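So this block is protein.csv, CSV, C-alpha atoms:
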chain,number,residue,atom,x,y,z
J,1,MET,CA,-7.1,-14.3,-20.6
J,2,ASP,CA,-7.5,-16.8,-17.9
J,3,GLY,CA,-4.7,-16.8,-15.2
J,4,ARG,CA,-4.7,-20.6,-15.1
J,5,GLU,CA,-3.1,-20.9,-18.5
J,6,LYS,CA,0.1,-19.4,-17.1
J,7,ARG,CA,0.3,-21.6,-14.1
J,8,ASN,CA,3.9,-22.7,-13.7
J,9,TRP,CA,5.8,-23.2,-10.5
J,10,ARG,CA,8.9,-21.2,-11.3
J,11,LEU,CA,6.9,-18.1,-12.0
J,12,ILE,CA,5.0,-18.7,-8.8
J,13,GLY,CA,8.2,-19.1,-6.8
J,14,ASP,CA,9.5,-15.9,-8.4
J,15,LEU,CA,6.3,-14.1,-7.6
J,16,PHE,CA,6.5,-15.2,-3.9
J,17,LEU,CA,10.1,-14.2,-3.5
J,18,SER,CA,9.6,-10.8,-5.2
J,19,THR,CA,6.6,-10.0,-3.0
J,20,LEU,CA,8.5,-11.2,0.1
J,21,LYS,CA,11.2,-8.7,-0.8
J,22,ILE,CA,8.7,-5.9,-1.4
J,23,GLY,CA,7.0,-6.7,2.0
J,24,LEU,CA,10.3,-6.6,3.7
J,25,ILE,CA,11.7,-3.3,2.3
J,26,THR,CA,8.7,-1.1,1.7
J,27,PHE,CA,7.9,1.4,4.4
J,28,GLY,CA,4.9,3.7,4.4
J,29,GLY,CA,1.9,1.4,4.2
J,30,GLY,CA,-0.5,0.2,1.5
J,31,LEU,CA,-0.2,2.7,-1.3
J,32,ALA,CA,3.6,2.7,-1.0
J,33,ILE,CA,3.6,-1.1,-1.3
J,34,ILE,CA,1.3,-0.9,-4.4
J,35,ALA,CA,3.5,1.7,-6.0
J,36,VAL,CA,6.6,-0.6,-5.5
J,37,ILE,CA,4.6,-3.6,-6.8
J,38,GLU,CA,3.8,-1.5,-9.9
J,39,ARG,CA,7.4,-0.7,-10.2
J,40,GLU,CA,8.7,-4.3,-9.9
J,41,PHE,CA,5.9,-6.3,-11.6
J,42,SER,CA,4.9,-4.0,-14.4
J,43,CYS,CA,7.8,-1.5,-15.1
J,44,ARG,CA,10.8,-3.8,-14.5
J,45,LYS,CA,9.7,-7.4,-14.8
J,46,LYS,CA,6.8,-6.9,-17.3
J,47,TRP,CA,4.7,-9.5,-15.7
J,48,ILE,CA,1.6,-7.4,-16.1
J,49,ASP,CA,0.4,-4.7,-18.4
J,50,PRO,CA,0.7,-1.2,-16.9
J,51,ASP,CA,-2.9,-0.3,-17.7
J,52,GLU,CA,-4.2,-3.5,-16.1
J,53,MET,CA,-2.0,-2.7,-13.1
J,54,ILE,CA,-3.7,0.7,-12.7
J,55,ASP,CA,-7.1,-0.9,-13.0
J,56,ILE,CA,-6.3,-3.4,-10.3
J,57,ILE,CA,-5.2,-0.7,-8.0
J,58,ALA,CA,-8.5,1.2,-8.7
J,59,VAL,CA,-10.7,-1.8,-8.0
J,60,SER,CA,-8.7,-3.1,-5.0
J,61,GLN,CA,-8.9,0.3,-3.3
J,62,SER,CA,-12.7,0.3,-3.5
J,63,LEU,CA,-12.9,-3.1,-1.8
J,64,PRO,CA,-13.2,-3.6,1.9
J,65,GLY,CA,-10.0,-4.8,3.6
J,66,VAL,CA,-6.3,-4.1,3.6
J,67,ILE,CA,-5.4,-2.3,0.3
J,68,ALA,CA,-1.9,-3.8,0.1
J,69,ILE,CA,-3.3,-7.3,0.5
J,70,ASN,CA,-6.2,-6.7,-2.0
J,71,SER,CA,-4.0,-5.3,-4.7
J,72,SER,CA,-1.2,-7.8,-4.4
J,73,VAL,CA,-3.6,-10.8,-4.3
J,74,MET,CA,-5.4,-9.5,-7.4
J,75,THR,CA,-2.1,-8.9,-9.2
J,76,GLY,CA,-0.9,-12.4,-8.2
J,77,TYR,CA,-4.2,-13.9,-9.4
J,78,ARG,CA,-3.9,-12.2,-12.8
J,79,ILE,CA,-0.3,-13.3,-13.3
J,80,ALA,CA,-0.6,-16.9,-12.1
J,81,GLY,CA,-4.1,-17.8,-11.0
J,82,ILE,CA,-5.0,-19.1,-7.5
J,83,PRO,CA,-1.4,-20.3,-6.7
J,84,GLY,CA,-0.2,-16.8,-7.7
J,85,ALA,CA,-2.8,-15.2,-5.3
J,86,VAL,CA,-1.6,-17.5,-2.5
J,87,ALA,CA,2.0,-16.7,-3.2
J,88,THR,CA,1.5,-12.9,-3.1
J,89,ALA,CA,-0.7,-13.0,0.0
J,90,LEU,CA,2.0,-15.0,1.9
J,91,GLY,CA,4.8,-12.9,0.4
J,92,VAL,CA,3.4,-9.6,1.5
J,93,THR,CA,2.3,-10.9,5.0
J,94,ILE,CA,5.2,-13.0,6.2
J,95,PRO,CA,7.8,-10.2,6.5
J,96,SER,CA,5.4,-8.0,8.5
J,97,LEU,CA,4.5,-10.9,10.8
J,98,VAL,CA,8.2,-11.8,11.5
J,99,VAL,CA,9.5,-8.2,11.8
J,100,LEU,CA,6.6,-7.1,14.1
J,101,MET,CA,6.9,-10.2,16.4
J,102,ILE,CA,10.5,-9.2,17.0
J,103,VAL,CA,9.9,-5.5,17.2
J,104,THR,CA,6.9,-5.9,19.6
J,105,VAL,CA,9.2,-7.4,22.2
J,106,PHE,CA,11.6,-4.5,22.1
J,107,TYR,CA,9.2,-1.8,21.1
J,108,SER,CA,10.0,1.0,23.5
J,109,GLU,CA,13.8,0.7,22.7
J,110,PHE,CA,13.0,0.5,19.0
J,111,ARG,CA,10.7,3.6,19.0
J,112,ASP,CA,13.1,5.8,20.9
J,113,ASN,CA,16.3,4.6,19.2
J,114,PRO,CA,17.9,7.7,17.5
J,115,TRP,CA,19.6,5.5,14.8
J,116,VAL,CA,16.2,3.9,13.9
J,117,ASN,CA,14.7,7.4,13.8
J,118,ALA,CA,17.5,8.7,11.5
J,119,ALA,CA,17.2,5.8,9.1
J,120,PHE,CA,13.4,6.2,9.1
J,121,LYS,CA,13.7,9.9,8.2
J,122,GLY,CA,15.8,9.0,5.2
J,123,LEU,CA,13.4,6.3,4.2
J,124,SER,CA,10.4,8.6,4.3
J,125,VAL,CA,12.2,10.9,1.8
J,126,GLY,CA,13.1,7.8,-0.4
J,127,VAL,CA,9.5,6.6,-0.3
J,128,ALA,CA,8.2,10.0,-1.3
J,129,ALA,CA,10.7,10.2,-4.2
J,130,LEU,CA,9.9,6.7,-5.5
J,131,LEU,CA,6.1,7.5,-5.3
J,132,ALA,CA,6.8,10.7,-7.2
J,133,ALA,CA,8.4,8.6,-10.0
J,134,VAL,CA,5.5,6.2,-10.0
J,135,VAL,CA,3.0,9.2,-10.2
J,136,VAL,CA,4.9,10.6,-13.2
J,137,ARG,CA,4.9,7.3,-15.0
J,138,MET,CA,1.3,6.5,-14.3
J,139,GLY,CA,0.2,10.1,-15.0
J,140,LYS,CA,1.7,9.9,-18.5
J,141,ARG,CA,-0.4,6.9,-19.3
J,142,VAL,CA,-3.6,7.9,-17.6
J,143,LEU,CA,-3.9,11.7,-18.1
J,144,ARG,CA,-4.8,11.7,-21.7
J,145,ASP,CA,-7.5,14.4,-22.1
J,146,ILE,CA,-8.9,17.4,-20.4
J,147,TRP,CA,-11.4,15.3,-18.2
J,148,THR,CA,-8.8,13.0,-16.8
J,149,VAL,CA,-6.5,15.9,-15.9
J,150,LEU,CA,-9.5,17.6,-14.3
J,151,PHE,CA,-10.4,14.5,-12.3
J,152,PHE,CA,-6.8,14.1,-11.2
J,153,ALA,CA,-6.6,17.7,-10.0
J,154,VAL,CA,-10.0,17.7,-8.2
J,155,ALA,CA,-9.3,14.3,-6.6
J,156,LEU,CA,-5.9,15.4,-5.4
J,157,PHE,CA,-7.3,18.6,-3.9
J,158,VAL,CA,-10.2,16.7,-2.2
J,159,SER,CA,-7.9,13.9,-0.8
J,160,LEU,CA,-5.4,16.5,0.6
J,161,TYR,CA,-7.8,19.1,2.0
J,162,SER,CA,-10.9,17.2,3.1
J,163,GLY,CA,-11.3,14.3,5.5
J,164,LEU,CA,-13.3,12.5,2.8
J,165,HIS,CA,-12.5,8.8,2.7
J,166,ALA,CA,-10.5,7.5,-0.3
J,167,ILE,CA,-13.2,5.0,-1.2
J,168,TRP,CA,-15.8,7.8,-1.8
J,169,ILE,CA,-13.3,9.7,-4.0
J,170,ILE,CA,-12.7,6.6,-6.1
J,171,LEU,CA,-16.4,5.8,-6.4
J,172,ALA,CA,-17.1,9.4,-7.4
J,173,GLY,CA,-14.4,9.0,-10.1
J,174,GLY,CA,-16.2,5.9,-11.4
J,175,VAL,CA,-19.6,7.7,-11.5
J,176,LEU,CA,-18.1,10.7,-13.2
J,177,GLY,CA,-16.2,8.5,-15.6
J,178,CYS,CA,-19.5,6.9,-16.8
J,179,ALA,CA,-21.1,10.4,-17.2
J,180,PHE,CA,-18.3,12.0,-19.2
J,181,LYS,CA,-17.1,9.1,-21.3
J,182,ARG,CA,-20.7,8.4,-22.4
J,183,GLY,CA,-21.3,12.1,-23.0
J,184,GLY,CA,-18.0,12.5,-25.0
J,185,ALA,CA,-18.7,9.5,-27.2
J,186,ALA,CA,-22.2,10.5,-28.2
U,187,MET,CA,-7.8,-17.7,20.7
U,188,PHE,CA,-10.8,-18.1,18.5
U,189,GLU,CA,-12.2,-14.8,19.8
U,190,LEU,CA,-9.0,-13.1,18.7
U,191,PHE,CA,-9.3,-14.6,15.2
U,192,TRP,CA,-12.9,-13.6,14.8
U,193,LEU,CA,-12.2,-10.1,16.1
U,194,PHE,CA,-9.5,-9.6,13.4
U,195,PHE,CA,-11.5,-11.3,10.7
U,196,ARG,CA,-14.2,-8.8,11.3
U,197,ILE,CA,-11.7,-5.9,11.4
U,198,GLY,CA,-10.2,-7.1,8.1
U,199,LEU,CA,-13.6,-7.4,6.5
U,200,PHE,CA,-14.9,-4.0,7.5
U,201,SER,CA,-12.0,-1.7,7.3
U,202,ILE,CA,-12.6,0.0,4.0
U,203,GLY,CA,-9.7,2.0,2.7
U,204,GLY,CA,-6.6,0.5,4.3
U,205,GLY,CA,-4.4,0.6,7.4
U,206,TYR,CA,-5.4,3.9,8.9
U,207,ALA,CA,-9.1,2.9,8.7
U,208,MET,CA,-8.3,-0.3,10.7
U,209,ILE,CA,-6.7,1.4,13.6
U,210,PRO,CA,-9.9,2.9,15.2
U,211,LEU,CA,-11.5,-0.5,14.9
U,212,ILE,CA,-8.6,-2.3,16.6
U,213,GLN,CA,-8.6,0.3,19.3
U,214,GLN,CA,-12.4,-0.1,20.0
U,215,ASP,CA,-12.4,-3.9,19.9
U,216,MET,CA,-9.0,-4.7,21.6
U,217,VAL,CA,-9.3,-2.1,24.4
U,218,GLY,CA,-13.0,-2.9,24.8
U,219,ALA,CA,-12.2,-6.6,25.2
U,220,GLY,CA,-9.3,-5.8,27.6
U,221,TYR,CA,-6.6,-7.2,25.4
U,222,MET,CA,-4.8,-3.8,25.1
U,223,THR,CA,-4.3,-0.6,27.0
U,224,ALA,CA,-4.8,2.9,25.4
U,225,SER,CA,-1.0,3.6,25.6
U,226,GLN,CA,-0.3,0.3,23.8
U,227,VAL,CA,-2.6,1.5,21.0
U,228,THR,CA,-0.5,4.7,20.6
U,229,ASP,CA,2.6,2.6,20.4
U,230,MET,CA,1.0,0.3,17.9
U,231,VAL,CA,0.3,3.2,15.6
U,232,ALA,CA,3.8,4.5,15.8
U,233,ILE,CA,5.5,1.1,15.4
U,234,SER,CA,3.2,0.0,12.5
U,235,GLN,CA,4.3,3.1,10.6
U,236,MET,CA,8.0,2.7,11.3
U,237,THR,CA,8.2,-0.9,10.2
U,238,PRO,CA,8.0,-2.3,6.7
U,239,GLY,CA,4.9,-3.8,5.3
U,240,PRO,CA,1.2,-3.0,5.3
U,241,ILE,CA,0.3,-0.9,8.3
U,242,ALA,CA,-2.9,-3.0,9.0
U,243,VAL,CA,-0.9,-6.2,9.0
U,244,ASN,CA,1.7,-4.7,11.2
U,245,ALA,CA,-0.9,-3.4,13.6
U,246,ALA,CA,-2.7,-6.8,13.7
U,247,THR,CA,0.6,-8.6,14.5
U,248,PHE,CA,1.5,-6.1,17.2
U,249,ALA,CA,-2.0,-6.4,18.8
U,250,GLY,CA,-2.0,-10.2,18.7
U,251,MET,CA,1.5,-10.5,20.1
U,252,ASN,CA,0.6,-8.2,23.0
U,253,ALA,CA,-2.6,-10.1,23.7
U,254,MET,CA,-1.4,-13.7,23.4
U,255,GLY,CA,2.2,-14.0,22.3
U,256,VAL,CA,3.5,-15.6,19.1
U,257,GLY,CA,0.3,-17.7,18.7
U,258,GLY,CA,-1.9,-14.6,19.1
U,259,ALA,CA,0.2,-12.7,16.5
U,260,VAL,CA,-0.2,-15.5,13.9
U,261,ILE,CA,-3.9,-15.9,14.6
U,262,ALA,CA,-4.6,-12.1,14.5
U,263,THR,CA,-2.7,-11.7,11.3
U,264,ILE,CA,-4.3,-14.6,9.5
U,265,GLY,CA,-7.7,-13.3,10.7
U,266,ALA,CA,-7.0,-9.8,9.2
U,267,VAL,CA,-5.5,-11.1,5.9
U,268,LEU,CA,-7.9,-13.9,5.1
U,269,PRO,CA,-11.1,-12.0,4.3
U,270,CYS,CA,-9.2,-9.5,2.1
U,271,ALA,CA,-7.5,-12.3,0.2
U,272,LEU,CA,-10.8,-14.2,-0.4
U,273,ILE,CA,-12.7,-11.1,-1.5
U,274,SER,CA,-9.9,-10.2,-3.9
U,275,VAL,CA,-9.7,-13.6,-5.6
U,276,ILE,CA,-13.5,-13.6,-6.0
U,277,LEU,CA,-13.4,-10.2,-7.5
U,278,ALA,CA,-10.4,-10.9,-9.7
U,279,ARG,CA,-12.3,-13.8,-11.3
U,280,PHE,CA,-15.3,-11.6,-12.0
U,281,PHE,CA,-13.1,-8.8,-13.2
U,282,CYS,CA,-11.4,-11.0,-15.8
U,283,ARG,CA,-14.7,-11.6,-17.4
U,284,SER,CA,-16.2,-8.2,-17.4
U,285,MET,CA,-13.0,-6.2,-18.1
U,286,ASP,CA,-14.0,-5.4,-21.8
U,287,SER,CA,-17.6,-4.3,-21.2
U,288,ALA,CA,-18.2,-0.7,-22.1
U,289,LEU,CA,-19.6,0.1,-18.7
U,290,VAL,CA,-16.6,-1.2,-16.8
U,291,GLN,CA,-14.3,0.7,-19.1
U,292,SER,CA,-16.2,4.0,-18.5
U,293,VAL,CA,-16.1,3.5,-14.7
U,294,LEU,CA,-12.3,2.7,-14.9
U,295,TYR,CA,-11.8,5.8,-17.1
U,296,GLY,CA,-12.9,7.9,-14.2
U,297,MET,CA,-11.2,5.9,-11.5
U,298,ARG,CA,-7.7,5.8,-13.0
U,299,PRO,CA,-6.9,9.5,-12.6
U,300,VAL,CA,-8.2,9.3,-9.1
U,301,VAL,CA,-5.8,6.5,-8.2
U,302,VAL,CA,-2.9,8.5,-9.5
U,303,SER,CA,-4.0,11.5,-7.4
U,304,LEU,CA,-4.3,9.3,-4.3
U,305,ILE,CA,-0.7,8.1,-4.7
U,306,ALA,CA,0.3,11.7,-5.4
U,307,GLY,CA,-1.5,12.6,-2.1
U,308,VAL,CA,0.5,10.1,-0.1
U,309,MET,CA,3.7,11.3,-1.8
U,310,ILE,CA,2.9,14.9,-0.9
U,311,THR,CA,2.2,14.0,2.7
U,312,PHE,CA,5.5,12.1,3.1
U,313,ALA,CA,7.4,14.9,1.3
U,314,ALA,CA,5.8,17.6,3.3
U,315,SER,CA,6.7,16.1,6.6
U,316,SER,CA,10.3,15.2,5.7
U,317,LEU,CA,11.4,17.9,3.3
U,318,PHE,CA,10.2,21.0,5.1
U,319,LEU,CA,11.2,22.3,8.5
U,320,PRO,CA,8.5,23.2,11.0
U,321,GLY,CA,9.4,26.9,10.7
U,322,GLY,CA,8.8,26.9,6.9
U,323,GLY,CA,12.4,26.5,5.5
U,324,MET,CA,13.5,23.6,3.4
U,325,GLU,CA,15.6,20.7,4.6
U,326,LEU,CA,18.5,20.8,2.1
U,327,GLY,CA,19.9,17.3,2.8
U,328,ALA,CA,16.5,15.7,2.5
U,329,ALA,CA,15.8,17.7,-0.7
U,330,ALA,CA,19.1,16.3,-2.1
U,331,ILE,CA,18.1,12.7,-1.2
U,332,PHE,CA,14.7,13.3,-2.8
U,333,ALA,CA,16.2,14.6,-6.1
U,334,GLY,CA,18.7,11.8,-6.3
U,335,ILE,CA,16.2,9.0,-5.6
U,336,PHE,CA,13.6,10.5,-8.0
U,337,THR,CA,16.1,10.7,-10.8
U,338,LEU,CA,17.4,7.2,-10.2
U,339,ALA,CA,13.9,5.8,-10.2
U,340,LEU,CA,12.7,7.6,-13.2
U,341,VAL,CA,15.7,7.6,-15.5
U,342,ARG,CA,17.6,4.4,-14.6
U,343,GLU,CA,14.7,2.4,-13.2
U,344,THR,CA,16.8,1.3,-10.2
U,345,SER,CA,15.4,-1.4,-8.1
U,346,PRO,CA,13.3,-0.1,-5.1
U,347,ALA,CA,15.4,-2.2,-2.7
U,348,VAL,CA,18.6,-0.4,-3.7
U,349,LEU,CA,16.8,3.0,-3.6
U,350,PHE,CA,15.4,2.4,-0.1
U,351,LEU,CA,18.9,1.2,1.1
U,352,ILE,CA,20.5,4.4,-0.2
U,353,SER,CA,17.8,6.6,1.4
U,354,ALA,CA,18.2,4.8,4.8
U,355,LEU,CA,21.9,5.2,4.7
U,356,ALA,CA,21.6,8.9,3.7
U,357,GLY,CA,19.2,9.3,6.6
U,358,LEU,CA,21.8,7.8,9.0
U,359,LEU,CA,24.5,10.1,7.6
U,360,LEU,CA,22.3,13.2,7.9
U,361,TYR,CA,20.4,12.7,11.1
U,362,ALA,CA,22.2,10.2,13.3
U,363,PRO,CA,23.6,11.5,16.6
Would you write out, as structure tokens, the structure that this file holds?
Amino acid sequence: MDGREKRNWRLIGDLFLSTLKIGLITFGGGLAIIAVIEREFSCRKKWIDPDEMIDIIAVSQSLPGVIAINSSVMTGYRIAGIPGAVATALGVTIPSLVVLMIVTVFYSEFRDNPWVNAAFKGLSVGVAALLAAVVVRMGKRVLRDIWTVLFFAVALFVSLYSGLHAIWIILAGGVLGCAFKRGGAA
Amino acid sequence: MFELFWLFFRIGLFSIGGGYAMIPLIQQDMVGAGYMTASQVTDMVAISQMTPGPIAVNAATFAGMNAMGVGGAVIATIGAVLPCALISVILARFFCRSMDSALVQSVLYGMRPVVVSLIAGVMITFAASSLFLPGGGMELGAAAIFAGIFTLALVRETSPAVLFLISALAGLLLYAP
């Protein structure tokens, strides 16, 4: 399916506003943003197939650059072609740009403000809980056999307890996927 | 101004693996070029994590703003975002065509569970720092927020905006002075 077939401006406007909202509300960096995009675009709005969403996340994480930008641009492109990619790139960048320009001016007050810190503590818990829900939903789709469960467990252990970079873990997953899927099919 | 753009274009291009990977590069280049001091870098890391949005974009805006004001912020941010967006569009085009090949499918078969565990890893890091007390006990208020938000997200599919609003308010109630 070519993204260009679906080019229509209402969808693109919608895509921009949804991404803008996600950029404005999501704390916790790249993976948290991706999880919220998955939630909104695949789970709630059904703009993109859940399996395809997971594939985009896998590919975008192994690219150079900012993961949140990579995955939102790829998602936008798949939903609405080049205009969709532009809409999501702007949507995810503009809130950061505006918020940080303001915060930078007042940053020492912001950083030491007890109210900001209290809200941030609550938000960290909320982000963890939402990510847990995303993990459960993705896990149900992805962990289908003994190998995928094993890959999941090993990758989790490695990512938590070694300093190994995420990109190497993902690439290792790809190599093992080739080895085991081929072996299993034969 | 062009130097700042080029600096962040390079940083955006070469930071593989997201925001935290970008920070040492920003530190080297910006402090090296005399745009930032070491203590501003520490502040940049703290502020980028406490504000919404991608950490790398936040850090770029902060660094650009400190170096050259509003114009610098815009230039640094565009510089950091542009290479990522270009690479992604090129790859998405290629990806559309090769999606159904057996090789790509086998690679993805192995990558998918890894993606789920990386998200699980971020979740555990966040939960560990906010749910447990330094001494080893559990923070009950935080555990209640976690359980509530998790249930709402999973069972009722509540919008993330509403969930984050609830958790920020709960944080204010629990931890505000």
Counting only C-alpha atoms, closest pick from J:Ala68, J:Ala87, J:Ile48, J:Ile146 relative to chain U is J:Ala68
Which residue, J:Leu171, J:Ala58, J:Thr93, J:Val99, has the smallest gap to J:Leu31 when you use all atoms listed in the file? J:Ala58
Nearest residue to J:Phe27 out of U:Val267, U:Ile233, U:Leu359, U:Leu211, using all atoms listed in the file? U:Ile233
Find the spatial neighbours of U:Met222, counting all atoms listed in the file, within a cut-off of 10 Å - ignore same-chain residues fewer than 4 positions away - and output them as number ranges by chain. U: 212-218, 226-227, 249-250, 252-253
Given the point (5.0, -8.9, 11.4) in the file's coordinates, find the residues that have an atom at most 8 Å from it, counting all atoms listed in the file, and give them as a PyMOL selection string. (chain J and resi 93-102) or (chain U and resi 239+243-244+247-248+259)
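Atom CA of J:Phe106 is found 15.4 Å from atom CA of U:Ser225.
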Nearest to U:Phe194: which of J:Gly65, J:Leu164, J:Ser60, J:Ala128 is it, counting all atoms listed in the file?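 Nearest candidate to U:Phe194 out of J:Gly65, J:Leu164, J:Ser60, J:Ala128: J:Gly65.
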Which residue gives the smallest distance to chain U among J:Cys43, J:Ala118, J:Leu11, J:Met53, with all atoms listed in the file counted?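 That would be J:Ala118, the residue with the smallest distance to chain U.
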Skipping near chain neighbours, those fewer than 6 positions away, what residues fall within 10 Å of J:Phe41 using only C-alpha atoms, listed as a ChimeraX atom specification? /J:15,18-19,47-50,53,75-76,79
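Here atom CA of J:Ala35 and atom CA of U:Ile305 stand 7.8 Å from one another.
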Neighbouring residues of U:Thr263 were defined as those with any atom within 6 Å, considering only C-alpha atoms; residues of the same chain fewer than 2 positions away were excluded. Please report them as a list of chain:residue names. U:Ala246, U:Thr247, U:Val260, U:Ile261, U:Gly265, U:Ala266
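For the set U:Val308, U:Leu190, U:Leu326, U:Ala354, the residue with the smallest atom-to-atom gap to chain J is U:Ala354, counting only C-alpha atoms.
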Excluding J:Asp51 and residues on its chain fewer than 6 positions from it, collect all residues at most 10 Å away from it, counting all atoms listed in the file, and give them as a short mmCIF file (atom, residue, chain, number, x, y, z; two decimals) with C-alpha atoms, in the coordinates of the input.
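Once everything was written out, this is out-v2.cif:
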data_model
loop_
_atom_site.label_atom_id
_atom_site.label_comp_id
_atom_site.auth_asym_id
_atom_site.auth_seq_id
_atom_site.Cartn_x
_atom_site.Cartn_y
_atom_site.Cartn_z
CA SER J 42 4.90 -4.00 -14.40
CA ILE J 57 -5.20 -0.70 -8.00
CA MET J 138 1.30 6.50 -14.30
CA ARG J 141 -0.40 6.90 -19.30
CA VAL J 142 -3.60 7.90 -17.60
CA ARG U 298 -7.70 5.80 -13.00
#
